[in-house]
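Pasting query-v3.cif here (mmCIF, C-alpha atoms):
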```
data_start
#
loop_
_atom_site.label_atom_id
_atom_site.label_comp_id
_atom_site.auth_asym_id
_atom_site.auth_seq_id
_atom_site.Cartn_x
_atom_site.Cartn_y
_atom_site.Cartn_z
CA MET A 250 -34.74 4.28 19.86
CA HIS A 251 -31.33 2.61 20.15
CA PRO A 252 -29.75 2.29 16.67
CA LEU A 253 -28.84 -1.36 17.24
CA SER A 254 -32.46 -2.29 17.85
CA THR A 255 -33.60 -1.17 14.41
CA ALA A 256 -31.99 -4.19 12.74
CA PHE A 257 -34.34 -6.56 14.54
CA LYS A 258 -37.39 -4.58 13.47
CA GLU A 259 -36.27 -4.13 9.87
CA PHE A 260 -35.58 -7.81 9.22
CA ASN A 261 -37.59 -10.89 10.06
CA ILE A 262 -34.97 -13.12 11.69
CA SER A 263 -35.80 -16.32 13.50
CA VAL A 264 -33.62 -18.93 15.19
CA VAL A 265 -34.85 -22.41 16.08
CA ALA A 266 -33.39 -24.44 18.93
CA ASP A 267 -31.09 -27.24 17.84
CA GLU A 268 -31.63 -30.71 19.20
CA ASP A 269 -28.39 -32.06 17.78
CA GLU A 270 -25.97 -29.54 19.28
CA ASN A 271 -24.11 -30.98 22.22
CA ASP A 272 -20.70 -30.68 23.82
CA ASP A 273 -20.51 -27.39 25.72
CA THR A 274 -24.02 -26.01 25.39
CA GLU A 275 -24.29 -25.94 29.14
CA GLU A 276 -21.57 -23.27 29.22
CA ASP A 277 -23.25 -21.12 26.59
CA GLY A 278 -26.88 -21.75 27.50
CA LEU A 279 -27.73 -21.62 23.78
CA SER A 280 -28.31 -24.09 20.99
CA PHE A 281 -28.59 -23.60 17.25
CA GLU A 282 -30.20 -25.14 14.19
CA THR A 283 -29.63 -24.59 10.51
CA ILE A 284 -32.89 -23.23 9.08
CA ASN A 285 -34.16 -25.01 5.98
CA ALA A 286 -35.11 -22.42 3.37
CA SER A 287 -37.69 -24.77 1.84
CA GLU A 288 -39.84 -24.90 4.95
CA GLU A 289 -43.24 -23.32 4.59
CA GLU A 290 -42.95 -21.29 7.78
CA VAL A 291 -40.06 -19.31 6.27
CA SER A 292 -41.91 -16.54 4.48
CA GLU A 293 -40.73 -14.96 1.27
CA GLY A 294 -38.20 -12.20 1.88
CA ALA A 295 -37.16 -13.50 5.32
CA ILE A 296 -33.51 -13.51 6.28
CA ILE A 297 -32.01 -17.02 6.36
CA LEU A 298 -29.16 -17.30 8.85
CA PRO A 299 -26.03 -19.20 7.73
CA PRO A 300 -24.98 -22.45 9.42
CA HIS A 301 -23.69 -21.90 12.92
CA VAL A 302 -19.91 -22.13 13.34
CA ARG A 303 -18.58 -22.25 16.87
CA CYS A 304 -16.03 -19.63 17.91
CA ALA A 305 -12.68 -21.40 17.74
CA THR A 306 -10.97 -19.21 20.35
CA HIS A 307 -13.79 -19.76 22.83
CA THR A 308 -13.63 -23.52 22.26
CA LEU A 309 -9.85 -23.49 22.80
CA SER A 310 -10.40 -21.57 26.03
CA LEU A 311 -12.88 -24.24 27.15
CA VAL A 312 -10.20 -26.88 26.65
CA CYS A 313 -7.83 -24.92 28.89
CA THR A 314 -10.42 -24.31 31.61
CA THR A 315 -13.26 -26.86 31.64
CA ASP A 316 -11.21 -29.84 30.47
CA ALA A 317 -8.29 -28.87 32.71
CA LYS A 318 -10.62 -28.81 35.72
CA GLN A 319 -11.64 -32.37 34.90
CA ALA A 320 -7.99 -33.41 35.26
CA MET A 321 -7.93 -31.83 38.73
CA LYS A 322 -10.99 -33.84 39.73
CA ASP A 323 -9.51 -37.12 38.52
CA SER A 324 -6.12 -36.60 40.16
CA PRO A 325 -6.15 -35.56 43.87
CA THR A 326 -2.36 -35.10 43.87
CA LEU A 327 -2.49 -32.73 40.92
CA SER A 328 -5.47 -30.90 42.44
CA CYS A 329 -3.61 -30.31 45.70
CA LEU A 330 -0.51 -29.08 43.89
CA ASN A 331 -2.57 -26.77 41.71
CA HIS A 332 -4.46 -25.40 44.72
CA THR A 333 -1.35 -24.46 46.68
CA ALA A 334 0.53 -23.02 43.70
CA MET A 335 -2.41 -20.93 42.47
CA GLY A 336 -3.11 -19.71 46.00
CA LYS A 337 0.39 -18.27 46.30
CA CYS A 338 0.13 -16.76 42.82
CA SER A 339 -3.14 -15.07 43.78
CA ALA A 340 -1.56 -13.63 46.93
CA LEU A 341 1.28 -12.23 44.81
CA TRP A 342 -1.13 -10.70 42.27
CA ASN A 343 -3.20 -9.12 45.04
CA SER A 344 -0.04 -7.57 46.48
CA SER A 345 0.74 -6.01 43.12
CA LYS A 346 -2.54 -4.08 43.28
CA ARG A 347 -1.71 -2.36 46.60
CA PRO A 348 0.53 0.74 46.37
CA GLU A 349 2.80 -0.07 49.31
CA THR A 350 3.55 -3.64 48.17
CA ALA A 351 3.58 -2.82 44.46
CA GLU A 352 6.65 -0.65 45.04
CA LEU A 353 8.48 -3.50 46.74
CA LEU A 354 7.59 -5.78 43.85
CA SER A 355 8.94 -3.39 41.23
CA GLU A 356 12.21 -3.03 43.15
CA VAL A 357 12.87 -6.77 43.01
CA THR A 358 11.34 -7.81 39.67
CA LYS A 359 12.14 -4.57 37.78
CA GLU A 360 8.79 -4.90 36.01
CA GLN A 361 5.08 -4.70 36.68
CA LEU A 362 3.26 -7.95 37.28
CA LYS A 363 0.51 -8.97 34.91
CA THR A 364 -2.77 -10.00 36.51
CA PRO A 365 -5.48 -12.42 35.28
CA CYS A 366 -8.77 -11.31 33.78
CA PRO A 367 -11.92 -13.04 35.10
CA THR A 368 -13.55 -13.28 31.65
CA ARG A 369 -10.62 -14.48 29.52
CA TRP A 370 -8.15 -17.33 29.88
CA ASN A 371 -5.24 -15.78 27.95
CA PRO A 372 -4.39 -13.18 30.65
CA MET A 373 -4.19 -16.04 33.16
CA TYR A 374 -1.63 -17.80 31.00
CA ASP A 375 0.34 -14.57 30.47
CA SER A 376 0.40 -13.92 34.22
CA LEU A 377 1.58 -17.46 35.07
CA ASN A 378 4.14 -17.43 32.29
CA GLN A 379 5.58 -14.17 33.64
CA LEU A 380 5.94 -15.71 37.10
CA ALA A 381 7.64 -18.75 35.55
CA THR A 382 10.21 -16.48 33.88
CA LEU A 383 10.79 -14.67 37.21
CA ARG A 384 11.49 -17.95 39.01
CA ASP A 385 14.92 -16.86 40.32
CA LYS A 386 13.50 -13.65 41.81
CA LEU A 387 10.42 -15.16 43.43
CA PRO A 388 12.09 -16.28 46.71
CA GLU A 389 13.31 -12.76 47.46
CA THR A 390 9.99 -11.28 46.36
CA MET A 391 7.91 -13.52 48.62
CA GLN A 392 10.26 -12.84 51.53
CA LYS A 393 9.99 -9.05 51.19
CA LEU A 394 6.21 -9.25 50.93
CA GLN A 395 6.08 -11.62 53.92
CA LEU A 396 4.19 -14.23 51.91
CA PRO A 397 4.59 -18.03 52.04
CA PRO A 398 7.48 -18.95 49.71
CA PHE A 399 7.05 -21.15 46.65
CA LYS A 400 8.27 -24.71 46.91
CA GLU A 401 10.39 -26.13 44.12
CA VAL A 402 7.67 -28.60 43.16
CA GLU A 403 5.18 -25.73 42.86
CA LEU A 404 7.51 -23.78 40.59
CA ASP A 405 8.04 -26.92 38.51
CA TYR A 406 4.28 -27.27 38.25
CA LEU A 407 3.87 -23.69 37.00
CA ALA A 408 6.62 -24.23 34.42
CA GLU A 409 5.02 -27.45 33.14
CA TYR A 410 1.55 -25.86 33.12
CA CYS A 411 2.82 -23.06 30.88
CA LYS A 412 4.69 -25.55 28.70
CA ILE A 413 1.53 -27.58 28.06
CA LEU A 414 -0.78 -24.65 27.43
CA ARG A 415 1.58 -22.43 25.45
CA PRO A 416 0.31 -23.78 22.05
CA PHE A 417 -3.25 -22.81 23.05
CA ALA A 418 -2.21 -19.29 24.05
CA VAL A 419 -0.37 -18.78 20.75
CA ALA A 420 -3.30 -20.22 18.77
CA ILE A 421 -5.85 -17.99 20.49
CA ASP A 422 -3.73 -14.89 19.88
CA ARG A 423 -3.41 -15.77 16.19
CA LEU A 424 -7.07 -16.57 15.62
CA GLN A 425 -8.40 -13.45 17.34
CA GLY A 426 -5.87 -11.14 15.71
CA GLN A 427 -6.87 -8.27 13.46
CA ILE A 428 -4.25 -8.57 10.72
CA SER A 429 -4.69 -12.17 9.60
CA CYS A 430 -8.08 -13.53 10.65
CA TYR A 431 -8.94 -15.71 7.64
CA TYR A 432 -11.05 -18.80 8.17
CA GLY A 433 -8.34 -20.71 6.33
CA GLU A 434 -5.96 -20.30 9.29
CA LEU A 435 -8.11 -22.46 11.56
CA ASN A 436 -7.16 -25.94 10.30
CA PRO A 437 -3.37 -25.37 10.21
CA THR A 438 -3.54 -23.79 13.66
CA LEU A 439 -5.39 -26.77 15.13
CA PHE A 440 -2.95 -29.28 13.64
CA ALA A 441 -0.03 -27.19 14.96
CA VAL A 442 -1.53 -27.32 18.46
CA LEU A 443 -2.03 -31.09 18.19
CA HIS A 444 1.57 -31.53 17.08
CA ASP A 445 2.94 -29.48 20.00
CA LEU A 446 0.89 -31.47 22.52
CA GLN A 447 2.78 -34.64 21.61
CA ALA A 448 6.20 -33.27 22.56
CA PRO A 449 6.25 -32.29 26.28
CA ASN A 450 8.27 -34.41 28.73
CA LEU A 451 6.54 -33.94 32.10
CA ARG A 452 7.02 -34.99 35.72
CA HIS A 453 4.01 -33.59 37.59
CA THR A 454 1.33 -32.70 35.03
CA SER A 455 0.86 -35.81 32.89
CA PRO A 456 -2.85 -36.12 33.93
CA LEU A 457 -3.37 -32.51 32.90
CA LEU A 458 -1.84 -33.15 29.48
CA GLN A 459 -3.96 -36.24 28.92
CA ALA A 460 -7.20 -34.47 29.90
CA ILE A 461 -6.43 -31.51 27.66
CA LEU A 462 -5.49 -33.76 24.75
CA VAL A 463 -8.72 -35.76 25.08
CA GLY A 464 -10.83 -32.60 25.34
CA PHE A 465 -9.08 -30.98 22.39
CA GLU A 466 -9.54 -33.99 20.12
CA LYS A 467 -13.18 -34.32 21.16
CA ARG A 468 -14.12 -30.68 20.62
CA PHE A 469 -12.28 -30.39 17.28
CA SER A 470 -12.77 -33.95 16.02
CA SER A 471 -14.44 -32.81 12.79
CA TYR A 472 -11.50 -30.57 11.89
CA LEU A 473 -8.79 -33.03 12.93
CA GLU A 474 -10.40 -35.86 10.95
CA LEU A 475 -11.34 -33.63 7.97
CA LYS A 476 -14.97 -34.70 8.03
CA MET A 477 -17.52 -33.61 5.45
CA ASP A 478 -19.12 -31.03 7.75
CA VAL A 479 -15.93 -28.92 7.73
CA ASN A 480 -15.47 -28.87 3.95
CA GLU A 481 -15.79 -25.08 3.93
CA ALA A 482 -12.93 -24.78 6.41
CA ILE A 483 -10.84 -27.14 4.27
CA LEU A 484 -11.54 -25.10 1.14
CA ALA A 485 -10.74 -21.87 2.96
CA THR A 486 -7.35 -23.30 3.92
CA VAL A 487 -6.35 -24.95 0.66
CA THR A 488 -7.18 -21.82 -1.38
CA HIS A 489 -4.94 -19.68 0.83
CA PRO A 490 -1.59 -19.27 -1.00
CA PHE A 491 0.40 -19.52 2.23
CA PHE A 492 -1.07 -22.91 3.21
CA LYS A 493 -2.27 -24.76 0.12
CA MET A 494 -1.80 -28.42 1.24
CA ARG A 495 1.40 -27.97 3.24
CA TRP A 496 -0.53 -28.12 6.51
CA LEU A 497 -1.75 -31.70 6.02
CA PRO A 498 -0.03 -34.10 8.46
CA PRO A 499 1.56 -37.28 7.03
CA GLN A 500 -1.25 -39.51 8.29
CA LEU A 501 -3.76 -37.52 6.22
CA SER A 502 -1.72 -37.26 3.02
CA GLY A 503 -4.24 -39.55 1.33
CA GLU A 504 -6.80 -36.75 1.51
CA ARG A 505 -4.97 -34.63 -1.07
CA ARG A 506 -6.85 -35.98 -4.06
CA ARG A 507 -10.20 -35.69 -2.29
CA ILE A 508 -9.48 -32.07 -1.41
CA GLN A 509 -8.50 -31.27 -4.99
CA LEU A 510 -11.75 -32.80 -6.27
CA LEU A 511 -13.61 -30.89 -3.57
CA MET A 512 -12.23 -27.64 -5.01
CA LEU A 513 -13.46 -28.54 -8.49
CA HIS A 514 -16.90 -29.71 -7.40
CA SER A 515 -17.42 -26.66 -5.18
CA ALA A 516 -16.51 -24.36 -8.04
CA GLU A 517 -19.00 -26.11 -10.32
CA ASP A 518 -21.77 -26.12 -7.71
CA LEU A 519 -21.31 -22.40 -7.07
CA GLY A 520 -21.13 -21.57 -10.77
CA LEU A 521 -17.63 -20.15 -10.43
CA VAL A 522 -16.08 -22.00 -13.39
CA ALA A 523 -17.87 -19.92 -15.99
CA GLU A 524 -17.26 -16.77 -13.96
CA SER A 525 -13.52 -17.46 -13.79
CA GLU A 526 -13.41 -18.09 -17.55
CA THR A 527 -15.07 -14.73 -18.12
CA ALA A 528 -12.57 -13.03 -15.85
CA SER A 529 -9.60 -14.63 -17.59
CA SER A 530 -10.97 -13.85 -21.05
CA ASN A 531 -11.28 -10.19 -20.09
CA LEU A 532 -7.51 -10.09 -19.65
CA GLN A 533 -7.00 -10.50 -23.39
CA ASP A 534 -6.60 -7.48 -25.60
CA ASP A 535 -9.59 -7.24 -27.92
CA GLU A 536 -7.76 -4.81 -30.20
CA GLU A 537 -5.15 -7.46 -31.00
CA ASP A 538 -7.88 -9.90 -32.05
CA ASP A 539 -9.43 -7.28 -34.30
CA PHE A 540 -6.11 -6.53 -35.98
CA PHE A 541 -5.24 -10.08 -37.06
CA VAL A 542 -7.25 -12.03 -39.62
CA PHE A 543 -7.98 -15.70 -38.94
CA SER A 544 -9.71 -18.12 -41.27
CA ALA A 545 -13.00 -19.64 -40.19
CA GLU A 546 -11.68 -23.19 -40.67
CA GLU A 547 -8.66 -22.56 -38.46
CA THR A 548 -10.89 -21.09 -35.76
CA GLN A 549 -13.13 -24.15 -35.82
CA VAL A 550 -10.13 -26.49 -35.55
CA GLN A 551 -8.80 -24.59 -32.55
CA GLU A 552 -12.17 -24.62 -30.81
CA SER A 553 -12.55 -28.36 -31.35
CA GLN A 554 -9.14 -28.97 -29.77
CA GLU A 555 -9.84 -26.89 -26.67
CA VAL A 556 -10.11 -28.80 -23.42
CA THR A 557 -13.33 -28.81 -21.44
CA SER A 558 -14.05 -26.30 -18.69
CA HIS A 559 -13.57 -28.99 -16.08
CA SER A 560 -10.10 -29.79 -17.46
CA LYS A 561 -9.19 -26.12 -17.44
CA ALA A 562 -10.30 -25.79 -13.84
CA GLU A 563 -8.34 -28.89 -12.85
CA LEU A 564 -5.25 -27.61 -14.61
CA GLU A 565 -5.55 -24.26 -12.84
CA THR A 566 -5.84 -25.87 -9.42
CA LEU A 567 -2.82 -28.08 -10.10
CA ARG A 568 -0.77 -25.06 -11.17
CA PHE A 569 -1.89 -23.18 -8.07
CA LEU A 570 -0.97 -26.02 -5.70
CA GLU A 571 2.47 -26.34 -7.32
CA ASP A 572 3.13 -22.59 -7.22
CA THR A 573 5.81 -21.75 -4.63
CA ARG A 574 4.59 -18.20 -4.05
CA LYS A 575 2.86 -17.59 -0.70
CA ASP A 576 1.54 -14.04 -1.03
CA LEU A 577 -2.09 -13.21 -1.73
CA LEU A 578 -1.16 -11.32 -4.89
CA SER A 579 -0.42 -14.66 -6.55
CA LEU A 580 -4.18 -15.32 -6.62
CA GLN A 581 -4.45 -12.83 -9.49
CA GLN A 582 -2.99 -15.51 -11.77
CA TYR A 583 -5.67 -18.05 -10.77
CA PRO A 584 -9.18 -16.59 -11.29
CA LEU A 585 -11.01 -19.72 -10.19
CA VAL A 586 -8.98 -20.21 -7.01
CA LYS A 587 -9.34 -16.52 -6.23
CA LEU A 588 -13.13 -16.77 -6.41
CA LEU A 589 -13.05 -19.79 -4.11
CA PHE A 590 -10.74 -17.94 -1.70
CA VAL A 591 -13.10 -14.97 -1.51
CA ARG A 592 -16.12 -17.24 -1.10
CA PHE A 593 -14.82 -19.36 1.79
CA ASN A 594 -12.46 -17.01 3.63
CA THR A 595 -15.14 -14.51 4.60
CA THR A 596 -16.08 -16.48 7.72
CA LEU A 597 -14.18 -15.46 10.85
CA PRO A 598 -12.74 -18.23 13.03
CA SER A 599 -13.15 -16.08 16.14
CA ARG A 600 -15.80 -13.79 17.56
CA ALA A 601 -13.14 -11.36 18.83
CA PRO A 602 -13.39 -8.99 15.81
CA VAL A 603 -17.18 -8.86 16.29
CA GLU A 604 -16.71 -8.09 19.98
CA ARG A 605 -14.35 -5.27 19.06
CA LEU A 606 -17.00 -3.87 16.74
CA PHE A 607 -19.54 -3.82 19.58
CA SER A 608 -16.94 -2.13 21.79
CA PHE A 609 -16.54 0.58 19.15
CA ALA A 610 -20.33 0.96 19.12
CA GLY A 611 -20.33 1.46 22.89
CA ILE A 612 -17.60 4.09 22.63
CA ILE A 613 -19.53 6.03 20.00
CA PHE A 614 -23.03 5.76 21.44
CA HIS A 615 -22.71 7.96 24.52
CA PRO A 616 -25.79 9.40 26.27
CA HIS A 617 -25.17 12.84 24.78
CA ARG A 618 -25.25 11.27 21.28
CA ARG A 619 -28.47 9.33 21.74
CA TRP A 620 -30.18 11.24 18.91
CA LEU A 621 -27.90 9.73 16.25
CA THR A 622 -29.80 8.19 13.38
CA PRO A 623 -29.07 4.52 12.62
CA GLU A 624 -27.46 5.48 9.32
CA ILE A 625 -25.01 7.97 10.87
CA PHE A 626 -24.32 5.62 13.77
CA GLU A 627 -23.45 2.81 11.35
CA LYS A 628 -21.09 5.05 9.37
CA LEU A 629 -19.32 6.20 12.55
CA VAL A 630 -18.81 2.59 13.68
CA VAL A 631 -17.41 1.61 10.27
CA LEU A 632 -15.02 4.57 10.33
CA LYS A 633 -13.90 3.74 13.87
CA GLY A 634 -13.33 0.09 13.01
CA ASN A 635 -11.32 0.84 9.88
#
```
What does this structure look like when you write it as structure tokens?
Amino acid sequence: MHPLSTAFKEFNISVVADEDENDDTEEDGLSFETINASEEEVSEGAIILPPHVRCATHTLSLVCTTDAKQAMKDSPTLSCLNHTAMGKCSALWNSSKRPETAELLSEVTKEQLKTPCPTRWNPMYDSLNQLATLRDKLPETMQKLQLPPFKEVELDYLAEYCKILRPFAVAIDRLQGQISCYYGELNPTLFAVLHDLQAPNLRHTSPLLQAILVGFEKRFSSYLELKMDVNEAILATVTHPFFKMRWLPPQLSGERRRIQLLMLHSAEDLGLVAESETASSNLQDDEEDDFFVFSAEETQVQESQEVTSHSKAELETLRFLEDTRKDLLSLQQYPLVKLLFVRFNTTLPSRAPVERLFSFAGIIFHPHRRWLTPEIFEKLVVLKGN
């Protein structure tokens, strides 16, 4: 039996189709629903799946592909320009895969051409961006390969295309990275992309920019408007020492107080206030307390003057937000914020790390190792991934 199949036999996991999911379900062919634990059909001991969170990198890729295609449909001029430019790029990429023409390419460009990947959008951007940087060498290259030369308007189109979509390529690389893949990076990344989309000065690709901007704002409207359904993403960001509330744009500065109250209410709902007080009290030296002698009256006076737990939590959050340190080690000074950080930054904004884990599983589970027990197989995958 395949080790991966044992998980579905060991646990009783069920997923119900979601009637409310919309947007790009036609691309995925799947829909999701949050399972209510109070329903009678959920038996005792069953595994309750967490709320579904869409992969941010996949959604960004949909903006660059599906929404960009819509711009081509609405603008015949842009569609024609895109068709001719991409056709010449494809001919150049195909030439780089043949030994006799690849040598001619390397002689002129002094580097190997990158080629697109059919399953990912980022390699397409990298390939086009490389051609845009080699603009001065392309006429000689096309002449030696006996291919139709690029027109100036086509080269301008490629340069503007890369200029528009560069923020998406950078955002996707950041969100699917292995070093810093906290859920708290999602909101600042999205607002950075939105900011960069306002800047470009374009001649040929204005319809493309408008279509991408509309698609981006539609697909990420909950995050860009800080709606209630993305409160976990907001908490993940604001409890990250590097971001705190610096990522909020000026038009949303009025949300600062709401976010601070959201931190306090979430801590109370999760029972983290008492836990943080216990953690902070453990930092005190019990031997010092045993050495000194305090009167009972003085102790009662001090206890009566102590602020409430809610006030302590609010004071800690204020101190954290005003702290200028940006490293994660600063969380050690704020037990409550640290607990919130651990609670909300466990969600991954991208499915790329999970895909890497399955790739490791495929590398390990070769036919000659088919007799591995699930336990050993799991340990080997963990070791390979770490």
Two-atom distance - CA of Asn480 (chain A), CA of Arg415 (chain A) (Å): 28.2 Å
Residues within 8 Å of (-2.9, -30.2, 33.0), counting only C-alpha atoms, listed as a tab-separated table (two decimals) with C-alpha atoms, in the coordinates of the input:
```tsv
chain	number	residue	atom	x	y	z
A	317	ALA	CA	-8.29	-28.87	32.71
A	320	ALA	CA	-7.99	-33.41	35.26
A	321	MET	CA	-7.93	-31.83	38.73
A	410	TYR	CA	1.55	-25.86	33.12
A	413	ILE	CA	1.53	-27.58	28.06
A	454	THR	CA	1.33	-32.70	35.03
A	455	SER	CA	0.86	-35.81	32.89
A	456	PRO	CA	-2.85	-36.12	33.93
A	457	LEU	CA	-3.37	-32.51	32.90
A	458	LEU	CA	-1.84	-33.15	29.48
A	459	GLN	CA	-3.96	-36.24	28.92
A	460	ALA	CA	-7.20	-34.47	29.90
A	461	ILE	CA	-6.43	-31.51	27.66
```
Distance criterion (all atoms listed in the file): nearest to Ala482 (chain A) out of A:Ser560, A:Thr566, A:Thr595, A:Gln500: A:Thr595
Interatomic distance, CA of Gly464 (chain A) to CA of Phe417 (chain A) (Å, one decimal): 12.6 Å
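Relative to CA of Gln395 (chain A), CA of Leu407 (chain A) is found at 20.9 Å.
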Picked residues, the PyMOL selection byres ((chain A and resi 577) around 8), as a count of residues only: 8
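Every protein, DNA or RNA residue with an atom at most 12 Å from Trp342 (chain A), where only C-alpha atoms count and chain neighbours fewer than 6 positions away do not, is listed here: Met335, Gly336, Thr350, Ala351, Leu354, Gln361, Leu362, Lys363, Thr364, Pro365, Cys366, Met373, Ser376, Leu377, Gln379, Leu380, Thr390, Met391, Leu394 and Leu396 of chain A.
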List, as a CSV table (one decimal) with C-alpha atoms, keeping the file's coordinate frame, every residue that the PyMOL selection byres ((chain A and resi 381) around 12) selects in the file provided.
```
chain,number,residue,atom,x,y,z
A,334,ALA,CA,0.5,-23.0,43.7
A,338,CYS,CA,0.1,-16.8,42.8
A,362,LEU,CA,3.3,-8.0,37.3
A,374,TYR,CA,-1.6,-17.8,31.0
A,375,ASP,CA,0.3,-14.6,30.5
A,376,SER,CA,0.4,-13.9,34.2
A,377,LEU,CA,1.6,-17.5,35.1
A,378,ASN,CA,4.1,-17.4,32.3
A,379,GLN,CA,5.6,-14.2,33.6
A,380,LEU,CA,5.9,-15.7,37.1
A,382,THR,CA,10.2,-16.5,33.9
A,383,LEU,CA,10.8,-14.7,37.2
A,384,ARG,CA,11.5,-18.0,39.0
A,385,ASP,CA,14.9,-16.9,40.3
A,386,LYS,CA,13.5,-13.6,41.8
A,387,LEU,CA,10.4,-15.2,43.4
A,399,PHE,CA,7.0,-21.2,46.6
A,401,GLU,CA,10.4,-26.1,44.1
A,403,GLU,CA,5.2,-25.7,42.9
A,404,LEU,CA,7.5,-23.8,40.6
A,405,ASP,CA,8.0,-26.9,38.5
A,406,TYR,CA,4.3,-27.3,38.2
A,407,LEU,CA,3.9,-23.7,37.0
A,408,ALA,CA,6.6,-24.2,34.4
A,409,GLU,CA,5.0,-27.4,33.1
A,410,TYR,CA,1.6,-25.9,33.1
A,411,CYS,CA,2.8,-23.1,30.9
A,412,LYS,CA,4.7,-25.6,28.7
```
Residue members of the PyMOL selection byres ((chain A and resi 466) around 12) in the file shown, as a ChimeraX atom specification: /A:308-309,312,316,439-440,442-444,446,459-465,467-474
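When only C-alpha atoms are used to compute distances to Arg600 (chain A), the closest of the residues A:Leu327, A:Leu510, A:Leu424, A:Val419 turns out to be A:Leu424.
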Residue nearest Thr314 (chain A) - candidates A:His301, A:His332, A:Arg369, A:His617, atoms counted: all atoms listed in the file: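 Checking each candidate against Thr314 (chain A), we get A:Arg369 as the closest.
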